[in-house]
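Worksheet: one structure, shown below.
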Amino acid sequence: MKKGIVLSIISILLLNIYAMGQETKSPFLYEKGNTSVKFDGFVRLNAFVDFGGSIPNNNFRNSLIPVPNSWDNDSRFTLDPSQTRMRFSVIQKTASLGDIEFCIETDFRGASNVLRLRQAYISFKGFILGQTWGFMYDPSSQAPTVDTKGANSRTHYRAPLIGYRVNLDENFTFGVSIEHPSVKMSGQPGVKSINQSFPDIPLYLQYKGEGGHIKLAAVFRSMNYGVIEREKVETELGIGAQLSGSLDVSKNFSLYSHGIYGKGVAKYINDLALLSLDLVPKENGATEQAVKMYGISIGAKANINKKLYCSATVSNAGLVNNDDYFSANEYFTGSYYSGSLFWTGIKNMTIAGTYIHGTRKNMNNIKGDANRILVMIMYKW
């Protein structure tokens with residue numbers, strides 16, 4: 001019901017804007033005076049088959065691979081249109097604040113495919129306020145893939161934030177933000193999750209030139225948890241460093257790389273973000289700790305012709321030590337391998353396919369595997 005109401009409102013708004021506006025290159029763009037309004041997005045259908053191990057998620061997430069593999073969870077076929085997306089944005093030119101941008105973006109990836117808020121922000125003069133991509137995120141350091149979440153080591157998240165970016169010169173950009181501090185911790189008797197009292201603080205310095213870019217980023221975290229017996233709030237510090245970038249080796253071949261290392265930064269690593277690994281129990285079971293973790297990936301893209309290109313990614317993520325906490329069946333490391341082929345021979349349409357192989361290894365060195373063949377058809381407007 002709510003989804004239908006939202007779609008109806010957006011449709012009526014767009015029809016009125018179009019009726020009032022002047023003719024433009026796109027029927028979804030209205031421009032008048034100092035204001036431009038745009039409605040864009042895409043319809044996307046994913047079809048995929050899991051075999052040799054199945055993952056109970058429409059994204060390929062290594063941390064969800066069953067360990068060990070089981071006969072009753074060996075294969076899966078799914079059709080998934082939930083990544084269909086809509087974006088409504090307004091840019092208003094002003095004398096005092098320059099260009100002010102307002103944006104709302106949604107998809108259908110909420111529970112039971114209901115409409116979900118992806119982004120809602122306002123930006124001006126280098127400031128950005130609202131929910132949007134976090135400042136550790138670097139999409140340009142990842143090879144193209146059909147898999148939405150991408151490599152298991154990737155930093156891929158959105159967060160409510162207040163951020164600021166400034167161009168230091170034509171090549172260098174600096175950014176810093178305060179972001180909503182979501183913390184996942186492993187439950188155990190005697191401790192409990194509590195409200196956080198300090199934001200995550202990521203910052204970065206990026207160089208971007210004609211042949212690629214390099215981004216150096218860091219994040220600082222102060223994570224609270226409660227000790228029930230003493231009725232006391234304890235704090236563990238988390239810190240992480242990230243280096244990522246891309247390089248155009250030639251007109252038709254590009255390389256990509258991404259690496260992150262730190263402690264208590266599970267939120268910023270795809271494979272660990274679904275698990276409760278920001279804080280984990282110490283062996284005495286009475287307190288929590290932030291353990292060391294990492295993620296690293298290497299990717300490549302090659303243009304076959306103007307309408308066809310391919311890409312590949314190799315990635316690994318996990319905890320540094322397998323004796324930092326004591327549960328043998330807990331996650332230790334995961335590996336991710338993918339190869340993709342994209343065709344853009346029809347205007348506004350992309351047809352692509354990918355093969356993904358992933359592994360998960362637990363603390364006791366027992367492994368699980370999964371494979372996925374995924375085909376995507378997407379039309380943008």
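Each chain in the structure tokens gets a letter, A, B, ..., in the order shown, and its residues are numbered from 1; ligands are numbered from 1 in order too.
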
Exercise. So which residues touch Asp50 (chain A) within 7 Å, counting only C-alpha atoms, skipping near sequence neighbours fewer than 2 positions away, as a PyMOL selection string?
Worked result: chain A and resi 48+53-54+75-77+370-373

Problem set entry | Surrounding residues of region 121-138 of chain A excluding itself and chain neighbours under 2 positions, 8 Å, only C-alpha atoms, as a ChimeraX atom specification | /A:97-104,118-119,140-142,155-166,175-177,179,202-204,215,217-219,242,244,268

File dump, residues just selected, N, CA and C atoms, as a JSON list (two decimals), in the first residue's frame:
```json
[["chain", "number", "residue", "atom", "x", "y", "z"],
["A", 97, "LEU", "N", 25.01, 30.44, -1.78],
["A", 97, "LEU", "CA", 25.51, 29.10, -1.47],
["A", 97, "LEU", "C", 25.93, 28.32, -2.70],
["A", 98, "GLY", "N", 25.91, 28.93, -3.87],
["A", 98, "GLY", "CA", 26.25, 28.20, -5.09],
["A", 98, "GLY", "C", 25.15, 27.21, -5.46],
["A", 99, "ASP", "N", 25.54, 26.11, -6.07],
["A", 99, "ASP", "CA", 24.57, 25.08, -6.43],
["A", 99, "ASP", "C", 24.16, 24.29, -5.19],
["A", 100, "ILE", "N", 22.86, 24.24, -4.92],
["A", 100, "ILE", "CA", 22.33, 23.42, -3.83],
["A", 100, "ILE", "C", 21.66, 22.21, -4.46],
["A", 101, "GLU", "N", 22.06, 21.02, -4.04],
["A", 101, "GLU", "CA", 21.49, 19.79, -4.58],
["A", 101, "GLU", "C", 20.68, 19.07, -3.51],
["A", 102, "PHE", "N", 19.47, 18.65, -3.87],
["A", 102, "PHE", "CA", 18.63, 17.82, -3.02],
["A", 102, "PHE", "C", 18.44, 16.48, -3.74],
["A", 103, "CYS", "N", 18.51, 15.38, -3.03],
["A", 103, "CYS", "CA", 18.40, 14.09, -3.68],
["A", 103, "CYS", "C", 17.68, 13.09, -2.79],
["A", 104, "ILE", "N", 16.78, 12.31, -3.41],
["A", 104, "ILE", "CA", 16.14, 11.17, -2.75],
["A", 104, "ILE", "C", 16.24, 9.99, -3.71],
["A", 118, "ARG", "N", 17.44, 4.59, 0.01],
["A", 118, "ARG", "CA", 18.88, 4.42, -0.19],
["A", 118, "ARG", "C", 19.62, 5.70, 0.19],
["A", 119, "GLN", "N", 19.20, 6.82, -0.41],
["A", 119, "GLN", "CA", 19.88, 8.08, -0.15],
["A", 119, "GLN", "C", 18.86, 9.19, 0.01],
["A", 140, "SER", "N", 35.33, 3.85, -7.61],
["A", 140, "SER", "CA", 36.23, 3.86, -8.77],
["A", 140, "SER", "C", 37.42, 2.91, -8.61],
["A", 141, "SER", "N", 37.57, 2.30, -7.42],
["A", 141, "SER", "CA", 38.68, 1.37, -7.19],
["A", 141, "SER", "C", 38.27, -0.08, -7.42],
["A", 142, "GLN", "N", 37.05, -0.30, -7.92],
["A", 142, "GLN", "CA", 36.54, -1.65, -8.12],
["A", 142, "GLN", "C", 36.26, -1.90, -9.60],
["A", 155, "THR", "N", 34.81, -1.96, 0.58],
["A", 155, "THR", "CA", 34.10, -1.05, 1.48],
["A", 155, "THR", "C", 32.90, -0.50, 0.75],
["A", 156, "HIS", "N", 31.70, -0.91, 1.17],
["A", 156, "HIS", "CA", 30.48, -0.62, 0.41],
["A", 156, "HIS", "C", 29.35, -0.36, 1.40],
["A", 157, "TYR", "N", 29.08, 0.91, 1.70],
["A", 157, "TYR", "CA", 28.07, 1.21, 2.72],
["A", 157, "TYR", "C", 27.55, 2.63, 2.53],
["A", 158, "ARG", "N", 26.34, 2.85, 3.02],
["A", 158, "ARG", "CA", 25.75, 4.18, 3.13],
["A", 158, "ARG", "C", 25.49, 4.44, 4.60],
["A", 159, "ALA", "N", 25.48, 5.73, 4.98],
["A", 159, "ALA", "CA", 25.28, 6.06, 6.39],
["A", 159, "ALA", "C", 24.73, 7.48, 6.51],
["A", 160, "PRO", "N", 23.92, 7.74, 7.54],
["A", 160, "PRO", "CA", 23.60, 9.13, 7.88],
["A", 160, "PRO", "C", 24.88, 9.85, 8.29],
["A", 161, "LEU", "N", 25.13, 11.03, 7.74],
["A", 161, "LEU", "CA", 26.40, 11.69, 8.00],
["A", 161, "LEU", "C", 26.30, 13.20, 7.80],
["A", 162, "ILE", "N", 27.30, 13.88, 8.31],
["A", 162, "ILE", "CA", 27.57, 15.28, 8.01],
["A", 162, "ILE", "C", 29.01, 15.35, 7.54],
["A", 163, "GLY", "N", 29.20, 15.68, 6.26],
["A", 163, "GLY", "CA", 30.54, 15.62, 5.70],
["A", 163, "GLY", "C", 30.92, 16.90, 4.98],
["A", 164, "TYR", "N", 32.23, 17.01, 4.74],
["A", 164, "TYR", "CA", 32.75, 18.18, 4.02],
["A", 164, "TYR", "C", 33.87, 17.74, 3.10],
["A", 165, "ARG", "N", 33.80, 18.16, 1.84],
["A", 165, "ARG", "CA", 34.85, 17.90, 0.85],
["A", 165, "ARG", "C", 35.36, 19.22, 0.30],
["A", 166, "VAL", "N", 36.67, 19.28, 0.04],
["A", 166, "VAL", "CA", 37.25, 20.49, -0.53],
["A", 166, "VAL", "C", 38.30, 20.10, -1.56],
["A", 175, "GLY", "N", 38.53, 15.14, 2.30],
["A", 175, "GLY", "CA", 37.19, 15.01, 2.85],
["A", 175, "GLY", "C", 37.21, 14.48, 4.28],
["A", 176, "VAL", "N", 36.27, 14.90, 5.10],
["A", 176, "VAL", "CA", 36.13, 14.41, 6.47],
["A", 176, "VAL", "C", 34.65, 14.44, 6.82],
["A", 177, "SER", "N", 34.20, 13.49, 7.63],
["A", 177, "SER", "CA", 32.79, 13.45, 8.00],
["A", 177, "SER", "C", 32.61, 12.86, 9.38],
["A", 179, "GLU", "N", 29.88, 10.25, 11.04],
["A", 179, "GLU", "CA", 28.91, 9.31, 10.52],
["A", 179, "GLU", "C", 28.25, 8.51, 11.64],
["A", 202, "PRO", "N", 35.55, 9.19, 9.55],
["A", 202, "PRO", "CA", 36.45, 8.88, 8.44],
["A", 202, "PRO", "C", 36.97, 10.17, 7.77],
["A", 203, "LEU", "N", 38.16, 10.08, 7.23],
["A", 203, "LEU", "CA", 38.72, 11.19, 6.45],
["A", 203, "LEU", "C", 39.58, 10.62, 5.33],
["A", 204, "TYR", "N", 39.78, 11.40, 4.27],
["A", 204, "TYR", "CA", 40.55, 10.88, 3.15],
["A", 204, "TYR", "C", 41.24, 12.01, 2.40],
["A", 215, "LYS", "N", 43.44, 6.91, -3.53],
["A", 215, "LYS", "CA", 42.75, 7.46, -2.36],
["A", 215, "LYS", "C", 43.32, 6.83, -1.10],
["A", 217, "ALA", "N", 42.64, 6.72, 2.93],
["A", 217, "ALA", "CA", 41.58, 7.04, 3.89],
["A", 217, "ALA", "C", 41.86, 6.38, 5.23],
["A", 218, "ALA", "N", 41.24, 6.92, 6.27],
["A", 218, "ALA", "CA", 41.34, 6.34, 7.61],
["A", 218, "ALA", "C", 40.02, 6.57, 8.33],
["A", 219, "VAL", "N", 39.74, 5.73, 9.32],
["A", 219, "VAL", "CA", 38.52, 5.87, 10.11],
["A", 219, "VAL", "C", 38.86, 5.63, 11.58],
["A", 242, "GLN", "N", 42.94, 2.69, 4.81],
["A", 242, "GLN", "CA", 42.53, 2.15, 3.52],
["A", 242, "GLN", "C", 43.29, 2.83, 2.40],
["A", 244, "SER", "N", 43.30, 2.76, -1.88],
["A", 244, "SER", "CA", 42.58, 2.26, -3.05],
["A", 244, "SER", "C", 42.89, 3.12, -4.25],
["A", 268, "TYR", "N", 33.21, -1.84, 7.69],
["A", 268, "TYR", "CA", 33.77, -1.30, 6.46],
["A", 268, "TYR", "C", 34.34, -2.37, 5.53]]
```

For this session: Please run DSSP on the backbone and report, as a PyMOL selection string, all residues within region 274-381 of chain A that come out as strand (DSSP E or B).
Result: chain A and resi 279-281+288-289+292-305+308-319+331-346+349-362+367-380

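Distance annotation: of A:Thr173, A:Phe253, A:Asn270, A:Ala286, the residue with the minimal separation from Glu229 (chain A) is A:Ala286; atom set is only C-alpha atoms.
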
Under the rule of at most 8 Å, produce a per-residue listing of region 240-352 of chain A near region 60-63 of chain A: chain, number, name, the closest pair of atoms, and the distance in Å, as a Markdown table, using only C-alpha atoms.
```
| residue | atom | partner | partner_atom | distance |
| --- | --- | --- | --- | --- |
| A:Asn270 | CA | A:Arg61 | CA | 7.7 |
| A:Asp271 | CA | A:Ser63 | CA | 5.4 |
| A:Leu272 | CA | A:Ser63 | CA | 6.8 |
| A:Leu274 | CA | A:Ser63 | CA | 7.4 |
| A:Leu275 | CA | A:Ser63 | CA | 7.5 |
| A:Tyr331 | CA | A:Ser63 | CA | 7.0 |
| A:Gly334 | CA | A:Asn62 | CA | 6.0 |
| A:Ser335 | CA | A:Asn62 | CA | 7.4 |
| A:Tyr336 | CA | A:Asn62 | CA | 7.4 |
```

Any chance you can output those residues with N, CA and C atoms as a PDB file, in the first residue's frame?
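Everything below was put into result.pdb:
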```pdb
ATOM      1  N   ASN A 270      33.012  -5.754   3.367  1.00  0.00           N
ATOM      2  CA  ASN A 270      31.803  -6.457   2.936  1.00  0.00           C
ATOM      3  C   ASN A 270      31.575  -7.784   3.653  1.00  0.00           C
ATOM      4  N   ASP A 271      32.590  -8.628   3.649  1.00  0.00           N
ATOM      5  CA  ASP A 271      32.441  -9.978   4.171  1.00  0.00           C
ATOM      6  C   ASP A 271      32.142  -9.998   5.664  1.00  0.00           C
ATOM      7  N   LEU A 272      32.641  -9.007   6.383  1.00  0.00           N
ATOM      8  CA  LEU A 272      32.493  -8.977   7.831  1.00  0.00           C
ATOM      9  C   LEU A 272      31.302  -8.144   8.285  1.00  0.00           C
ATOM     10  N   LEU A 274      28.156  -8.209   7.675  1.00  0.00           N
ATOM     11  CA  LEU A 274      26.932  -8.920   8.054  1.00  0.00           C
ATOM     12  C   LEU A 274      27.057  -9.619   9.398  1.00  0.00           C
ATOM     13  N   LEU A 275      28.272  -9.827   9.850  1.00  0.00           N
ATOM     14  CA  LEU A 275      28.526 -10.572  11.077  1.00  0.00           C
ATOM     15  C   LEU A 275      28.740  -9.620  12.257  1.00  0.00           C
ATOM     16  N   TYR A 331      33.565 -17.345  11.796  1.00  0.00           N
ATOM     17  CA  TYR A 331      34.222 -16.929  10.552  1.00  0.00           C
ATOM     18  C   TYR A 331      35.685 -16.552  10.789  1.00  0.00           C
ATOM     19  N   GLY A 334      37.617 -15.331   4.036  1.00  0.00           N
ATOM     20  CA  GLY A 334      36.830 -15.640   2.850  1.00  0.00           C
ATOM     21  C   GLY A 334      37.555 -15.183   1.599  1.00  0.00           C
ATOM     22  N   SER A 335      37.375 -15.933   0.493  1.00  0.00           N
ATOM     23  CA  SER A 335      37.985 -15.586  -0.789  1.00  0.00           C
ATOM     24  C   SER A 335      36.900 -15.449  -1.843  1.00  0.00           C
ATOM     25  N   TYR A 336      37.124 -14.559  -2.803  1.00  0.00           N
ATOM     26  CA  TYR A 336      36.121 -14.202  -3.810  1.00  0.00           C
ATOM     27  C   TYR A 336      36.798 -14.062  -5.164  1.00  0.00           C
TER      28      TYR A 336
END
```

Exercise. Within 10 Å of Lys232 (chain A), counting only C-alpha atoms, which residues qualify if same-chain residues fewer than 6 places away don't, as a ChimeraX atom specification?
Worked result: /A:191,225-226

For this session: Please provide as a ChimeraX atom specification all residues within 9 Å of Lys380 (chain A), with the sequence filter that same-chain residues fewer than 2 positions apart are discarded (counting only C-alpha atoms).
Result: /A:40-44,347-350,378

Spatial neighbours of Leu243 (chain A), 8 Å, only C-alpha atoms, chain gap at least 2 places, as a short mmCIF file (atom, residue, chain, number, x, y, z; two decimals) with N, CA and C atoms, in the first residue's frame:
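Output saved as selection_27.cif:
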```cif
data_model
loop_
_atom_site.label_atom_id
_atom_site.label_comp_id
_atom_site.auth_asym_id
_atom_site.auth_seq_id
_atom_site.Cartn_x
_atom_site.Cartn_y
_atom_site.Cartn_z
N ILE A 214 44.14 7.70 -6.87
CA ILE A 214 44.57 7.00 -5.66
C ILE A 214 43.95 7.69 -4.46
N LYS A 215 43.44 6.91 -3.53
CA LYS A 215 42.75 7.46 -2.36
C LYS A 215 43.32 6.83 -1.10
N LEU A 216 43.74 7.67 -0.17
CA LEU A 216 44.21 7.23 1.14
C LEU A 216 43.19 7.68 2.17
N ALA A 217 42.64 6.72 2.93
CA ALA A 217 41.58 7.04 3.89
C ALA A 217 41.86 6.38 5.23
N ALA A 241 42.88 1.84 8.26
CA ALA A 241 43.49 2.59 7.16
C ALA A 241 43.16 1.90 5.85
N GLY A 245 42.64 2.57 -5.44
CA GLY A 245 42.92 3.35 -6.63
C GLY A 245 42.63 2.62 -7.92
N HIS A 258 42.20 -2.31 -4.05
CA HIS A 258 41.57 -1.79 -2.83
C HIS A 258 42.08 -2.60 -1.66
N GLY A 259 42.54 -1.93 -0.61
CA GLY A 259 43.00 -2.63 0.59
C GLY A 259 42.63 -1.86 1.84
N ILE A 260 42.21 -2.60 2.89
CA ILE A 260 41.89 -1.99 4.17
C ILE A 260 42.44 -2.88 5.29
#
```

Problem set entry | Filtered DSSP result for region 75-213 of chain A, state helix (DSSP H, G or I), as a ChimeraX atom specification | /A:111-113,139-141

Mind dumping the selected residues with N, CA and C atoms as a PDB file, in the first residue's frame?
```
ATOM      1  N   ALA A 111      12.668  -5.326   3.391  1.00  0.00           N
ATOM      2  CA  ALA A 111      12.086  -6.625   3.724  1.00  0.00           C
ATOM      3  C   ALA A 111      10.905  -6.913   2.811  1.00  0.00           C
ATOM      4  N   SER A 112      10.856  -8.121   2.257  1.00  0.00           N
ATOM      5  CA  SER A 112       9.780  -8.561   1.357  1.00  0.00           C
ATOM      6  C   SER A 112       9.654  -7.644   0.137  1.00  0.00           C
ATOM      7  N   ASN A 113      10.799  -7.103  -0.327  1.00  0.00           N
ATOM      8  CA  ASN A 113      10.855  -6.269  -1.539  1.00  0.00           C
ATOM      9  C   ASN A 113      10.065  -4.971  -1.432  1.00  0.00           C
ATOM     10  N   PRO A 139      34.054   3.783  -5.129  1.00  0.00           N
ATOM     11  CA  PRO A 139      33.567   2.921  -6.212  1.00  0.00           C
ATOM     12  C   PRO A 139      34.518   2.829  -7.392  1.00  0.00           C
ATOM     13  N   SER A 140      35.333   3.853  -7.608  1.00  0.00           N
ATOM     14  CA  SER A 140      36.232   3.860  -8.765  1.00  0.00           C
ATOM     15  C   SER A 140      37.417   2.913  -8.606  1.00  0.00           C
ATOM     16  N   SER A 141      37.574   2.301  -7.424  1.00  0.00           N
ATOM     17  CA  SER A 141      38.683   1.367  -7.195  1.00  0.00           C
ATOM     18  C   SER A 141      38.274  -0.081  -7.416  1.00  0.00           C
TER      19      SER A 141
END
```

Excluding Thr333 (chain A) and its own-chain neighbours fewer than 4 positions away, which residues fall within 7 Å of it when counting only C-alpha atoms? Please give them as a PDB file with N, CA and C atoms, in the first residue's frame.
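Saved file part14.pdb follows:
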```pdb
ATOM      1  N   ALA A 317      39.378 -11.484   2.348  1.00  0.00           N
ATOM      2  CA  ALA A 317      39.095 -10.698   3.545  1.00  0.00           C
ATOM      3  C   ALA A 317      39.006 -11.627   4.740  1.00  0.00           C
ATOM      4  N   GLY A 318      39.252 -11.070   5.937  1.00  0.00           N
ATOM      5  CA  GLY A 318      39.116 -11.894   7.133  1.00  0.00           C
ATOM      6  C   GLY A 318      39.790 -11.295   8.342  1.00  0.00           C
ATOM      7  N   LEU A 319      39.896 -12.113   9.386  1.00  0.00           N
ATOM      8  CA  LEU A 319      40.584 -11.731  10.608  1.00  0.00           C
ATOM      9  C   LEU A 319      42.059 -12.096  10.492  1.00  0.00           C
ATOM     10  N   ARG A 360      34.451 -19.750   2.296  1.00  0.00           N
ATOM     11  CA  ARG A 360      34.507 -19.272   3.676  1.00  0.00           C
ATOM     12  C   ARG A 360      35.249 -20.317   4.503  1.00  0.00           C
ATOM     13  N   LYS A 361      36.188 -19.858   5.326  1.00  0.00           N
ATOM     14  CA  LYS A 361      36.913 -20.749   6.227  1.00  0.00           C
ATOM     15  C   LYS A 361      36.695 -20.287   7.650  1.00  0.00           C
ATOM     16  N   ASN A 362      36.365 -21.228   8.529  1.00  0.00           N
ATOM     17  CA  ASN A 362      36.138 -20.926   9.941  1.00  0.00           C
ATOM     18  C   ASN A 362      37.409 -21.056  10.762  1.00  0.00           C
TER      19      ASN A 362
END
```

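Take the candidates A:Leu168, A:Val280, A:Val249, A:Leu205 and check each one against Gly187 (chain A) using only C-alpha atoms; the shortest distance goes to A:Val280.
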
For this session: In Å, rounded to a single decimal, give me how far CA of Met376 (chain A) is from CA of Ser82 (chain A).
Result: 12.1 Å

For this session: Would you mind listing what lies within 8 Å of Asp369 (chain A) as JSON, numbers by chain, with only C-alpha atoms counted and same-chain residues fewer than 4 positions away left out?
Result: {"A": [52, 53, 65, 66, 67, 69, 357, 358, 359, 360]}

Pull C-alpha atoms from the residues just selected and write them as a compact mmCIF listing (two decimals), in the first residue's frame.
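Output file result26.txt follows:
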```
# COMPACT_ATOMS: atom_id res chain seq x y z
CA GLY A 52 28.25 -26.52 -5.59
CA GLY A 53 27.07 -24.59 -2.54
CA ILE A 65 28.30 -19.63 2.92
CA PRO A 66 27.34 -22.70 5.01
CA VAL A 67 30.37 -24.42 6.59
CA ASN A 69 28.69 -27.61 2.61
CA HIS A 357 33.30 -18.50 -6.87
CA GLY A 358 33.60 -17.91 -3.13
CA THR A 359 34.91 -19.71 -0.07
CA ARG A 360 34.51 -19.27 3.68
```

Seminar exercise, completed: Min atom-atom distance to Ala151 (chain A) from the set A:Gly339, A:Ser70, A:Asp324, A:Met185, counting only C-alpha atoms, belongs to A:Gly339

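Candidate residues A:Asn329, A:Gly264, A:Thr145, A:Leu117 were compared for distance to Gly368 (chain A), and the nearest is A:Asn329, using only C-alpha atoms.
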